[in-house]
Every structure is written in structure tokens, then in C-alpha cells.
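input34.txt (compact mmCIF, C-alpha atoms)
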```txt
# COMPACT_ATOMS: atom_id res chain seq x y z
CA MET A 1 23.27 21.91 -97.47
CA SER A 2 23.81 18.53 -95.97
CA ILE A 3 22.96 17.74 -92.39
CA ALA A 4 25.89 16.93 -90.13
CA ALA A 5 25.60 13.79 -88.02
CA ASP A 6 26.63 13.83 -84.36
CA LYS A 7 27.27 10.10 -84.38
CA THR A 8 27.57 7.38 -87.02
CA ILE A 9 26.94 3.66 -86.64
CA ASP A 10 28.01 1.18 -89.29
CA CYS A 11 25.62 -1.78 -89.39
CA LYS A 12 26.82 -2.98 -92.78
CA GLY A 13 26.89 -6.79 -92.95
CA GLN A 14 24.56 -7.22 -89.98
CA SER A 15 21.19 -8.90 -90.18
CA CYS A 16 17.87 -8.47 -88.38
CA PRO A 17 17.53 -7.64 -85.52
CA GLU A 18 20.97 -6.11 -84.89
CA PRO A 19 20.72 -2.92 -87.00
CA VAL A 20 17.56 -1.84 -85.17
CA LEU A 21 18.95 -2.80 -81.75
CA ARG A 22 22.15 -0.85 -82.41
CA THR A 23 20.16 2.12 -83.71
CA LYS A 24 18.18 2.18 -80.49
CA MET A 25 21.33 1.94 -78.34
CA ALA A 26 22.99 4.74 -80.31
CA ILE A 27 19.94 7.01 -80.05
CA ASN A 28 19.90 6.44 -76.29
CA GLU A 29 23.39 7.91 -76.09
CA LEU A 30 22.46 11.11 -77.94
CA GLN A 31 20.89 14.29 -76.60
CA SER A 32 17.52 15.46 -77.86
CA GLY A 33 17.95 17.21 -81.25
CA GLN A 34 21.20 15.43 -82.12
CA VAL A 35 21.42 13.43 -85.33
CA LEU A 36 22.43 9.81 -85.85
CA GLU A 37 23.75 8.53 -89.16
CA MET A 38 23.02 4.84 -89.66
CA LEU A 39 24.44 2.69 -92.47
CA ALA A 40 23.12 -0.77 -93.30
CA THR A 41 23.24 -3.40 -96.01
CA ASP A 42 20.39 -5.54 -94.64
CA PRO A 43 17.53 -4.98 -97.13
CA GLY A 44 15.11 -5.38 -94.22
CA SER A 45 16.39 -2.08 -92.84
CA ALA A 46 14.69 -0.25 -95.73
CA ASN A 47 11.33 -0.91 -94.05
CA ASP A 48 12.43 -1.65 -90.50
CA ILE A 49 14.11 1.67 -89.77
CA PRO A 50 11.16 3.81 -90.97
CA ALA A 51 8.77 1.63 -88.91
CA TRP A 52 11.06 1.93 -85.90
CA SER A 53 11.23 5.70 -86.40
CA LYS A 54 7.44 6.02 -86.50
CA ARG A 55 6.98 3.80 -83.45
CA THR A 56 9.59 5.51 -81.28
CA GLY A 57 8.94 9.06 -82.51
CA ASN A 58 12.55 9.75 -83.59
CA PRO A 59 12.11 11.27 -87.07
CA ILE A 60 14.12 10.33 -90.17
CA LEU A 61 15.56 13.48 -91.72
CA GLU A 62 17.07 11.82 -94.77
CA SER A 63 17.20 8.38 -96.29
CA SER A 64 19.02 7.14 -99.35
CA GLN A 65 20.35 4.00 -100.95
CA ASN A 66 23.57 3.75 -102.89
CA GLY A 67 25.18 0.55 -104.13
CA GLY A 68 23.32 -1.70 -101.71
CA VAL A 69 24.01 0.51 -98.70
CA TRP A 70 21.11 2.24 -96.99
CA ARG A 71 21.82 5.46 -95.14
CA PHE A 72 19.46 7.06 -92.65
CA LEU A 73 19.80 10.31 -90.76
CA ILE A 74 17.69 10.07 -87.64
CA LYS A 75 17.04 12.91 -85.23
CA LYS A 76 16.64 12.11 -81.56
CA ALA A 77 13.24 13.39 -80.42
CA MET B 1 4.09 13.74 -77.96
CA ALA B 2 2.03 12.88 -74.91
CA PRO B 3 3.52 10.06 -72.88
CA GLU B 4 1.50 6.93 -73.53
CA LYS B 5 1.49 3.64 -71.77
CA PRO B 6 4.08 1.55 -73.66
CA LYS B 7 2.88 -1.33 -75.80
CA ARG B 8 3.46 -4.64 -74.08
CA MET B 9 4.51 -7.98 -75.56
CA ALA B 10 4.07 -11.29 -73.73
CA ILE B 11 5.82 -14.29 -75.28
CA ILE B 12 5.88 -17.98 -74.41
CA ALA B 13 8.98 -20.00 -75.40
CA LEU B 14 8.02 -23.65 -75.24
CA HIS B 15 10.70 -25.42 -77.27
CA GLY B 16 14.38 -26.06 -76.71
CA SER B 17 15.43 -26.49 -80.34
CA LEU B 18 17.98 -24.03 -81.73
CA ASP B 19 15.74 -22.88 -84.58
CA LEU B 20 12.78 -22.31 -82.27
CA ALA B 21 14.88 -20.37 -79.77
CA TYR B 22 15.58 -17.54 -82.21
CA PRO B 23 12.10 -16.05 -82.82
CA PRO B 24 11.18 -15.23 -79.20
CA LEU B 25 14.60 -13.66 -78.55
CA ILE B 26 14.60 -11.66 -81.81
CA LEU B 27 11.07 -10.34 -81.29
CA ALA B 28 11.53 -9.50 -77.61
CA SER B 29 14.84 -7.66 -78.11
CA THR B 30 13.37 -5.78 -81.09
CA GLY B 31 10.25 -4.96 -79.09
CA VAL B 32 12.20 -3.24 -76.32
CA ALA B 33 14.21 -1.39 -78.99
CA MET B 34 10.83 -0.08 -80.21
CA ASP B 35 10.06 1.22 -76.72
CA MET B 36 7.75 -1.67 -75.92
CA GLU B 37 7.80 -3.78 -72.77
CA ALA B 38 8.52 -7.45 -73.35
CA ALA B 39 8.57 -10.62 -71.31
CA ILE B 40 9.40 -14.18 -72.29
CA PHE B 41 8.03 -17.05 -70.24
CA PHE B 42 10.42 -20.00 -70.68
CA THR B 43 8.47 -23.15 -70.00
CA PHE B 44 8.87 -26.90 -70.61
CA TYR B 45 11.76 -27.47 -73.05
CA GLY B 46 11.97 -23.71 -73.62
CA LEU B 47 13.67 -23.52 -70.22
CA ASP B 48 16.83 -24.88 -71.90
CA ILE B 49 17.22 -21.53 -73.72
CA ILE B 50 18.08 -19.85 -70.40
CA ASN B 51 19.85 -22.85 -68.83
CA LYS B 52 23.54 -22.00 -68.27
CA HIS B 53 24.59 -25.57 -69.08
CA LYS B 54 22.48 -25.92 -72.22
CA TYR B 55 21.92 -22.62 -74.06
CA GLN B 56 25.16 -22.87 -76.05
CA ASN B 57 24.37 -26.40 -77.18
CA LEU B 58 20.80 -26.20 -78.48
CA LYS B 59 20.24 -28.40 -81.51
CA VAL B 60 18.10 -28.65 -84.61
CA ALA B 61 15.87 -31.72 -84.94
CA PRO B 62 16.40 -33.51 -88.28
CA LEU B 63 13.17 -35.49 -87.90
CA ALA B 64 9.61 -34.66 -88.95
CA ASN B 65 10.57 -31.32 -90.44
CA PRO B 66 10.32 -31.22 -94.25
CA ALA B 67 11.82 -27.71 -94.19
CA ALA B 68 14.86 -28.74 -92.11
CA PRO B 69 18.37 -27.66 -93.16
CA MET B 70 18.81 -31.13 -94.64
CA PRO B 71 15.50 -32.24 -96.10
CA VAL B 72 16.23 -35.97 -95.89
CA PRO B 73 13.69 -38.77 -95.43
CA ASN B 74 12.80 -39.26 -91.76
CA ILE B 75 14.36 -42.73 -91.76
CA ILE B 76 17.71 -41.13 -92.65
CA GLY B 77 17.14 -38.29 -90.18
CA ALA B 78 16.82 -40.88 -87.43
CA LEU B 79 20.38 -42.15 -87.98
CA PRO B 80 23.09 -41.36 -85.42
CA GLY B 81 24.92 -38.11 -86.17
CA MET B 82 22.08 -36.51 -88.13
CA THR B 83 21.10 -34.13 -85.31
CA PHE B 84 24.70 -32.98 -85.16
CA ALA B 85 24.81 -32.53 -88.94
CA ALA B 86 21.52 -30.60 -89.13
CA THR B 87 22.61 -28.36 -86.25
CA ALA B 88 26.01 -27.67 -87.80
CA MET B 89 24.36 -26.83 -91.12
CA MET B 90 21.88 -24.41 -89.59
CA LYS B 91 24.60 -22.68 -87.54
CA SER B 92 26.67 -22.29 -90.70
CA TRP B 93 23.72 -20.78 -92.59
CA MET B 94 22.92 -18.36 -89.79
CA ASN B 95 26.57 -17.35 -89.64
CA LYS B 96 26.75 -16.77 -93.40
CA ALA B 97 23.63 -14.58 -93.23
CA ASN B 98 25.26 -12.62 -90.37
CA VAL B 99 22.51 -13.43 -87.92
CA ALA B 100 23.70 -12.86 -84.36
CA PRO B 101 24.49 -16.10 -82.48
CA LEU B 102 22.04 -17.12 -79.78
CA PRO B 103 24.24 -16.04 -76.82
CA SER B 104 24.45 -12.49 -78.29
CA LEU B 105 20.67 -12.34 -78.69
CA LEU B 106 20.22 -13.47 -75.09
CA ASP B 107 22.64 -10.76 -74.02
CA MET B 108 20.69 -8.15 -75.98
CA CYS B 109 17.45 -9.29 -74.33
CA PHE B 110 18.95 -8.94 -70.84
CA LYS B 111 20.60 -5.59 -71.62
CA GLY B 112 17.43 -4.27 -73.26
CA GLY B 113 15.40 -5.05 -70.15
CA VAL B 114 13.32 -7.95 -71.46
CA LYS B 115 11.70 -9.68 -68.50
CA MET B 116 13.05 -13.23 -68.70
CA ILE B 117 10.87 -15.58 -66.65
CA GLY B 118 11.81 -19.19 -65.90
CA CYS B 119 8.85 -21.45 -65.21
CA GLN B 120 8.93 -22.72 -61.62
CA MET B 121 6.86 -25.81 -62.35
CA THR B 122 9.17 -26.85 -65.21
CA MET B 123 12.17 -26.36 -62.92
CA ASP B 124 10.55 -28.67 -60.35
CA VAL B 125 9.70 -31.30 -62.98
CA MET B 126 13.12 -31.26 -64.62
CA GLY B 127 15.17 -30.79 -61.46
CA VAL B 128 16.54 -27.41 -62.56
CA LYS B 129 17.70 -25.00 -59.84
CA LYS B 130 17.80 -21.21 -59.96
CA GLU B 131 21.61 -21.31 -60.09
CA ASP B 132 21.36 -23.43 -63.28
CA LEU B 133 19.67 -20.51 -65.03
CA LEU B 134 21.37 -17.45 -66.50
CA ASP B 135 21.89 -14.46 -64.22
CA GLY B 136 19.05 -11.99 -64.49
CA VAL B 137 16.33 -14.60 -64.96
CA GLU B 138 13.26 -14.22 -62.77
CA ILE B 139 11.38 -17.27 -61.53
CA GLY B 140 7.63 -17.38 -61.79
CA GLY B 141 4.58 -19.43 -62.46
CA ALA B 142 1.46 -19.28 -64.59
CA VAL B 143 -0.06 -16.56 -62.44
CA MET B 144 2.99 -14.30 -62.75
CA PHE B 145 2.99 -14.66 -66.54
CA LEU B 146 -0.76 -14.25 -66.94
CA ASP B 147 -0.77 -11.21 -64.67
CA TYR B 148 1.81 -9.64 -67.02
CA ALA B 149 0.05 -10.90 -70.16
CA ALA B 150 -3.33 -9.58 -69.02
CA GLU B 151 -2.05 -6.08 -69.82
CA ALA B 152 -0.34 -7.12 -73.08
CA ASP B 153 -1.05 -5.75 -76.54
CA ILE B 154 0.79 -8.60 -78.28
CA THR B 155 0.91 -12.21 -77.16
CA LEU B 156 2.92 -14.86 -78.99
CA SER B 157 3.85 -18.47 -78.42
CA PHE B 158 6.79 -20.33 -79.94
```
Can I see the file as C-alpha cells?
Amino acid sequence: MSIAADKTIDCKGQSCPEPVLRTKMAINELQSGQVLEMLATDPGSANDIPAWSKRTGNPILESSQNGGVWRFLIKKA
Amino acid sequence: MAPEKPKRMAIIALHGSLDLAYPPLILASTGVAMDMEAAIFFTFYGLDIINKHKYQNLKVAPLANPAAPMPVPNIIGALPGMTFAATAMMKSWMNKANVAPLPSLLDMCFKGGVKMIGCQMTMDVMGVKKEDLLDGVEIGGAVMFLDYAAEADITLSF
């Protein structure tokens, strides 16, 4: 069963550092336990988002890549 | 997770060239997005990055930089119009790569709570007043920066 996202941000076409900055802003707007879906085409996001997740303690529930688009489901701690 | 003291980043921005203005702003805004504290001390030519009258017109130097947007011999780089050309080329590259323009990065630094410190001594030397600097800038000297940096986990200079 797939996890439903409470909010989605589309960072496709954006480059470092915007995807991470927007992820942080979006997480700030969520309640603890809610899930953010984040989409990006910046290849840097593949490593940046997991590192951001580890540093800020907001866990990644799912990550995938399809046709050059990375998708992360991040739970607000 | 037990609350820890946040990691702290203390950055010096020394140069007023467009290309050298990006790294401190990118790293500071990213740092606060990673729950770190960050401050940038804008000193000497770096003060132009937060100068209301100058931040939108920072330029790339076409001289003495073999990796410049236009890798031309220095004698050509010294010709009139080459600074304009190198700057236009870099802006076009950044735009094509979807890198946020400098004013947006500044905005993200202010909104993210990066401590933006204008160097008082530089202001005195260059005749820059507080009202010439962007809103939200704090004014300070070496002691203010070092007091902040003394507790820093990361220190960088650009």
C-alpha cells in the first residue's frame, strides 16, 4: 500500500540549493507525523536530500527515481 | 532525539565579484535549512553583496582567471567591454542551469535567519552608511564576528 502525502512540492528544474531550501520550508509548515512528497530533477538531490534528512532528523520513508525525476517521501519528525 | 546545540557556521565574504558572491550565500542558506546557525561577515569588497545600490550589478572579472566564462588571454580580457561580456555570459550560464539569481539567494538567507553582518570598518573606509545596506543587515566589527565564530563548528572564507 502506498503512503499518502499530506503535501507535495515540485522542485523539478531547480538547482542547488533551492530544492533543499524549499524542502525545509515545506516541512516547517507540516505537523509532526505528516508526510511531504518532494520531486526533483537536480541530480544533486539524490545525495543532498538523504544527507539533509539525516542531519535534521526527518526520516525518508520512500525514495525512487523514474525518468530523471527523483521522488522522496519525507516524514516530519 | 535529545535537543542538541545546533551546529554553527561562520563565513567571511571578502570579494564583491558575482561569482564569488554565490558560495557564501548558497552555503549559509543551506546551513540554516539543515538546522544549523549561520552568519556571514561581509567585509572589504564583500560589503557590495549587501549594498542596496550594488548587489544587483555585481560583475565577473575577465582578468587573471584562466577558468573564467571566457578563457581569453589577459591582454584581451583587459579591453573595454570584456567585464560586461564575461558577466553576461556567466549570468546566462547560471540561468540555463536554473541556479537562483543572487537577489533570490539573499532573500532566502534573510528569510532563513542567516545573521548578515556588515563590517563597520569597511563602511567607514568606503563611506558606506547603514541605510546603503539591505534591510535586516546587522553592523559589527571583528570582535562581533570572532565572538560568534568562537562557538562555530564550521568556518569558511570566500
Residues of chain B that approach chain A to 7 Å or less, counting all atoms listed in the file: could you list each one with the shortest pair of atoms and its distance in Å to one decimal, rows by chain and increasing residue number, as a Markdown table?
```
| residue | atom | partner | partner_atom | distance |
| --- | --- | --- | --- | --- |
| B:Ile26 | CA | A:Pro17 | CA | 6.2 |
| B:Thr30 | CA | A:Pro17 | CA | 6.4 |
| B:Ala33 | CA | A:Lys24 | CA | 5.5 |
| B:Met34 | CA | A:Thr56 | CA | 5.8 |
| B:Asp35 | CA | A:Thr56 | CA | 6.3 |
| B:Ala97 | CA | A:Ser15 | CA | 6.9 |
| B:Asn98 | CA | A:Gln14 | CA | 5.5 |
| B:Val99 | CA | A:Ser15 | CA | 5.2 |
```
So that I can see what lies close to Asp153 of chain B, please list as a JSON list (two decimals) with C-alpha atoms, in the coordinates of the input the residues with an atom at most 7 Å from it, counting all atoms listed in the file and leaving out residues fewer than 2 positions away in the same chain.
```
[["chain", "number", "residue", "atom", "x", "y", "z"],
["B", 7, "LYS", "CA", 2.88, -1.33, -75.80],
["B", 8, "ARG", "CA", 3.46, -4.64, -74.08],
["B", 9, "MET", "CA", 4.51, -7.98, -75.56],
["B", 151, "GLU", "CA", -2.05, -6.08, -69.82],
["B", 155, "THR", "CA", 0.91, -12.21, -77.16]]
```
Could you list, as a tab-separated table (two decimals) with C-alpha atoms, keeping the file's coordinate frame, every residue within 12 Å of segment 139-149 of chain B, counting all atoms listed in the file and ignoring same-chain residues fewer than 2 positions away?
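Saved result, selection03.tsv, follows:
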```tsv
chain	number	residue	atom	x	y	z
B	7	LYS	CA	2.88	-1.33	-75.80
B	8	ARG	CA	3.46	-4.64	-74.08
B	9	MET	CA	4.51	-7.98	-75.56
B	10	ALA	CA	4.07	-11.29	-73.73
B	11	ILE	CA	5.82	-14.29	-75.28
B	12	ILE	CA	5.88	-17.98	-74.41
B	13	ALA	CA	8.98	-20.00	-75.40
B	37	GLU	CA	7.80	-3.78	-72.77
B	38	ALA	CA	8.52	-7.45	-73.35
B	39	ALA	CA	8.57	-10.62	-71.31
B	40	ILE	CA	9.40	-14.18	-72.29
B	41	PHE	CA	8.03	-17.05	-70.24
B	42	PHE	CA	10.42	-20.00	-70.68
B	43	THR	CA	8.47	-23.15	-70.00
B	44	PHE	CA	8.87	-26.90	-70.61
B	47	LEU	CA	13.67	-23.52	-70.22
B	50	ILE	CA	18.08	-19.85	-70.40
B	115	LYS	CA	11.70	-9.68	-68.50
B	116	MET	CA	13.05	-13.23	-68.70
B	117	ILE	CA	10.87	-15.58	-66.65
B	118	GLY	CA	11.81	-19.19	-65.90
B	119	CYS	CA	8.85	-21.45	-65.21
B	120	GLN	CA	8.93	-22.72	-61.62
B	121	MET	CA	6.86	-25.81	-62.35
B	122	THR	CA	9.17	-26.85	-65.21
B	123	MET	CA	12.17	-26.36	-62.92
B	124	ASP	CA	10.55	-28.67	-60.35
B	128	VAL	CA	16.54	-27.41	-62.56
B	129	LYS	CA	17.70	-25.00	-59.84
B	130	LYS	CA	17.80	-21.21	-59.96
B	131	GLU	CA	21.61	-21.31	-60.09
B	132	ASP	CA	21.36	-23.43	-63.28
B	133	LEU	CA	19.67	-20.51	-65.03
B	134	LEU	CA	21.37	-17.45	-66.50
B	135	ASP	CA	21.89	-14.46	-64.22
B	136	GLY	CA	19.05	-11.99	-64.49
B	137	VAL	CA	16.33	-14.60	-64.96
B	151	GLU	CA	-2.05	-6.08	-69.82
B	152	ALA	CA	-0.34	-7.12	-73.08
B	153	ASP	CA	-1.05	-5.75	-76.54
B	154	ILE	CA	0.79	-8.60	-78.28
B	155	THR	CA	0.91	-12.21	-77.16
B	156	LEU	CA	2.92	-14.86	-78.99
B	157	SER	CA	3.85	-18.47	-78.42
```
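Going from atom CA of Leu20 of chain B to atom CA of Asn47 of chain A covers 24.5 Å.
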Six-sided padding of 3 Å per side, axis-aligned box over segment 7-11 of chain A, centre and edges in Å, one decimal, as lines of an AutoDock Vina configuration file:
```
center_x = 26.8
center_y = 4.2
center_z = -86.9
size_x = 8.4
size_y = 17.9
size_z = 11.0
```
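The interatomic distance for the pair atom CA of Phe158 of chain B and atom CA of Lys96 of chain B works out to 24.3 Å.
You will find atom CA of Ala40 of chain A at 17.5 Å from atom CA of Pro59 of chain A.
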If you count all atoms listed in the file, which residues fall within 12 Å of Phe84 of chain B, apart from same-chain ones fewer than 3 positions away, as an MDAnalysis selection string?
chainID B and resid 18 57:62 69:70 77:81 87:91
What would segment 51-62 of chain A look like with all heavy atoms in place, written as a compact mmCIF listing (two decimals), in the frame of the given file?
```txt
# COMPACT_ATOMS: atom_id res chain seq x y z
N ALA A 51 9.79 2.10 -89.86
CA ALA A 51 8.77 1.63 -88.91
C ALA A 51 9.22 1.89 -87.48
O ALA A 51 8.44 2.33 -86.63
CB ALA A 51 8.50 0.14 -89.11
N TRP A 52 10.51 1.66 -87.23
CA TRP A 52 11.06 1.93 -85.90
C TRP A 52 10.95 3.43 -85.57
O TRP A 52 10.59 3.81 -84.46
CB TRP A 52 12.53 1.47 -85.85
CG TRP A 52 13.21 1.82 -84.56
CD1 TRP A 52 13.20 1.10 -83.40
CD2 TRP A 52 13.96 3.00 -84.29
NE1 TRP A 52 13.89 1.76 -82.42
CE2 TRP A 52 14.37 2.94 -82.95
CE3 TRP A 52 14.31 4.12 -85.05
CZ2 TRP A 52 15.12 3.93 -82.34
CZ3 TRP A 52 15.06 5.13 -84.46
CH2 TRP A 52 15.46 5.03 -83.12
N SER A 53 11.27 4.25 -86.58
CA SER A 53 11.23 5.70 -86.40
C SER A 53 9.82 6.16 -86.03
O SER A 53 9.62 6.96 -85.12
CB SER A 53 11.70 6.36 -87.70
OG SER A 53 11.24 7.68 -87.79
N LYS A 54 8.84 5.64 -86.74
CA LYS A 54 7.44 6.02 -86.50
C LYS A 54 7.01 5.56 -85.11
O LYS A 54 6.38 6.30 -84.37
CB LYS A 54 6.58 5.34 -87.58
CG LYS A 54 5.13 5.71 -87.58
CD LYS A 54 4.49 5.29 -88.91
CE LYS A 54 2.98 5.23 -88.77
NZ LYS A 54 2.48 3.88 -88.55
N ARG A 55 7.39 4.37 -84.74
CA ARG A 55 6.98 3.80 -83.45
C ARG A 55 7.62 4.54 -82.28
O ARG A 55 6.98 4.77 -81.26
CB ARG A 55 7.36 2.30 -83.44
CG ARG A 55 7.16 1.56 -82.18
CD ARG A 55 5.74 1.47 -81.69
NE ARG A 55 4.81 0.96 -82.68
CZ ARG A 55 3.48 0.97 -82.51
NH1 ARG A 55 2.95 1.46 -81.41
NH2 ARG A 55 2.69 0.50 -83.45
N THR A 56 8.89 4.90 -82.42
CA THR A 56 9.59 5.51 -81.28
C THR A 56 9.55 7.04 -81.31
O THR A 56 9.97 7.68 -80.36
CB THR A 56 11.08 5.08 -81.25
OG1 THR A 56 11.70 5.50 -82.47
CG2 THR A 56 11.22 3.56 -81.12
N GLY A 57 9.08 7.61 -82.43
CA GLY A 57 8.94 9.06 -82.51
C GLY A 57 10.25 9.80 -82.77
O GLY A 57 10.31 11.02 -82.59
N ASN A 58 11.29 9.10 -83.20
CA ASN A 58 12.55 9.75 -83.59
C ASN A 58 12.54 9.89 -85.12
O ASN A 58 12.68 8.89 -85.82
CB ASN A 58 13.75 8.91 -83.15
CG ASN A 58 13.81 8.73 -81.64
OD1 ASN A 58 14.02 9.67 -80.90
ND2 ASN A 58 13.60 7.50 -81.19
N PRO A 59 12.36 11.12 -85.64
CA PRO A 59 12.11 11.27 -87.07
C PRO A 59 13.34 11.02 -87.96
O PRO A 59 14.47 11.31 -87.57
CB PRO A 59 11.64 12.72 -87.21
CG PRO A 59 12.18 13.42 -86.01
CD PRO A 59 12.28 12.40 -84.91
N ILE A 60 13.07 10.50 -89.16
CA ILE A 60 14.12 10.33 -90.17
C ILE A 60 14.20 11.64 -90.97
O ILE A 60 13.20 12.10 -91.53
CB ILE A 60 13.78 9.15 -91.11
CG1 ILE A 60 13.83 7.83 -90.33
CG2 ILE A 60 14.76 9.09 -92.29
CD1 ILE A 60 13.38 6.62 -91.13
N LEU A 61 15.39 12.22 -91.00
CA LEU A 61 15.56 13.48 -91.72
C LEU A 61 15.90 13.22 -93.19
O LEU A 61 15.52 13.99 -94.07
CB LEU A 61 16.69 14.31 -91.09
CG LEU A 61 16.54 14.61 -89.59
CD1 LEU A 61 17.74 15.40 -89.09
CD2 LEU A 61 15.25 15.38 -89.32
N GLU A 62 16.64 12.16 -93.42
CA GLU A 62 17.07 11.82 -94.77
C GLU A 62 17.21 10.31 -94.87
O GLU A 62 17.63 9.66 -93.92
CB GLU A 62 18.47 12.40 -95.03
CG GLU A 62 18.49 13.73 -95.75
CD GLU A 62 19.93 14.18 -96.01
OE1 GLU A 62 20.76 13.34 -96.45
OE2 GLU A 62 20.21 15.36 -95.75
```
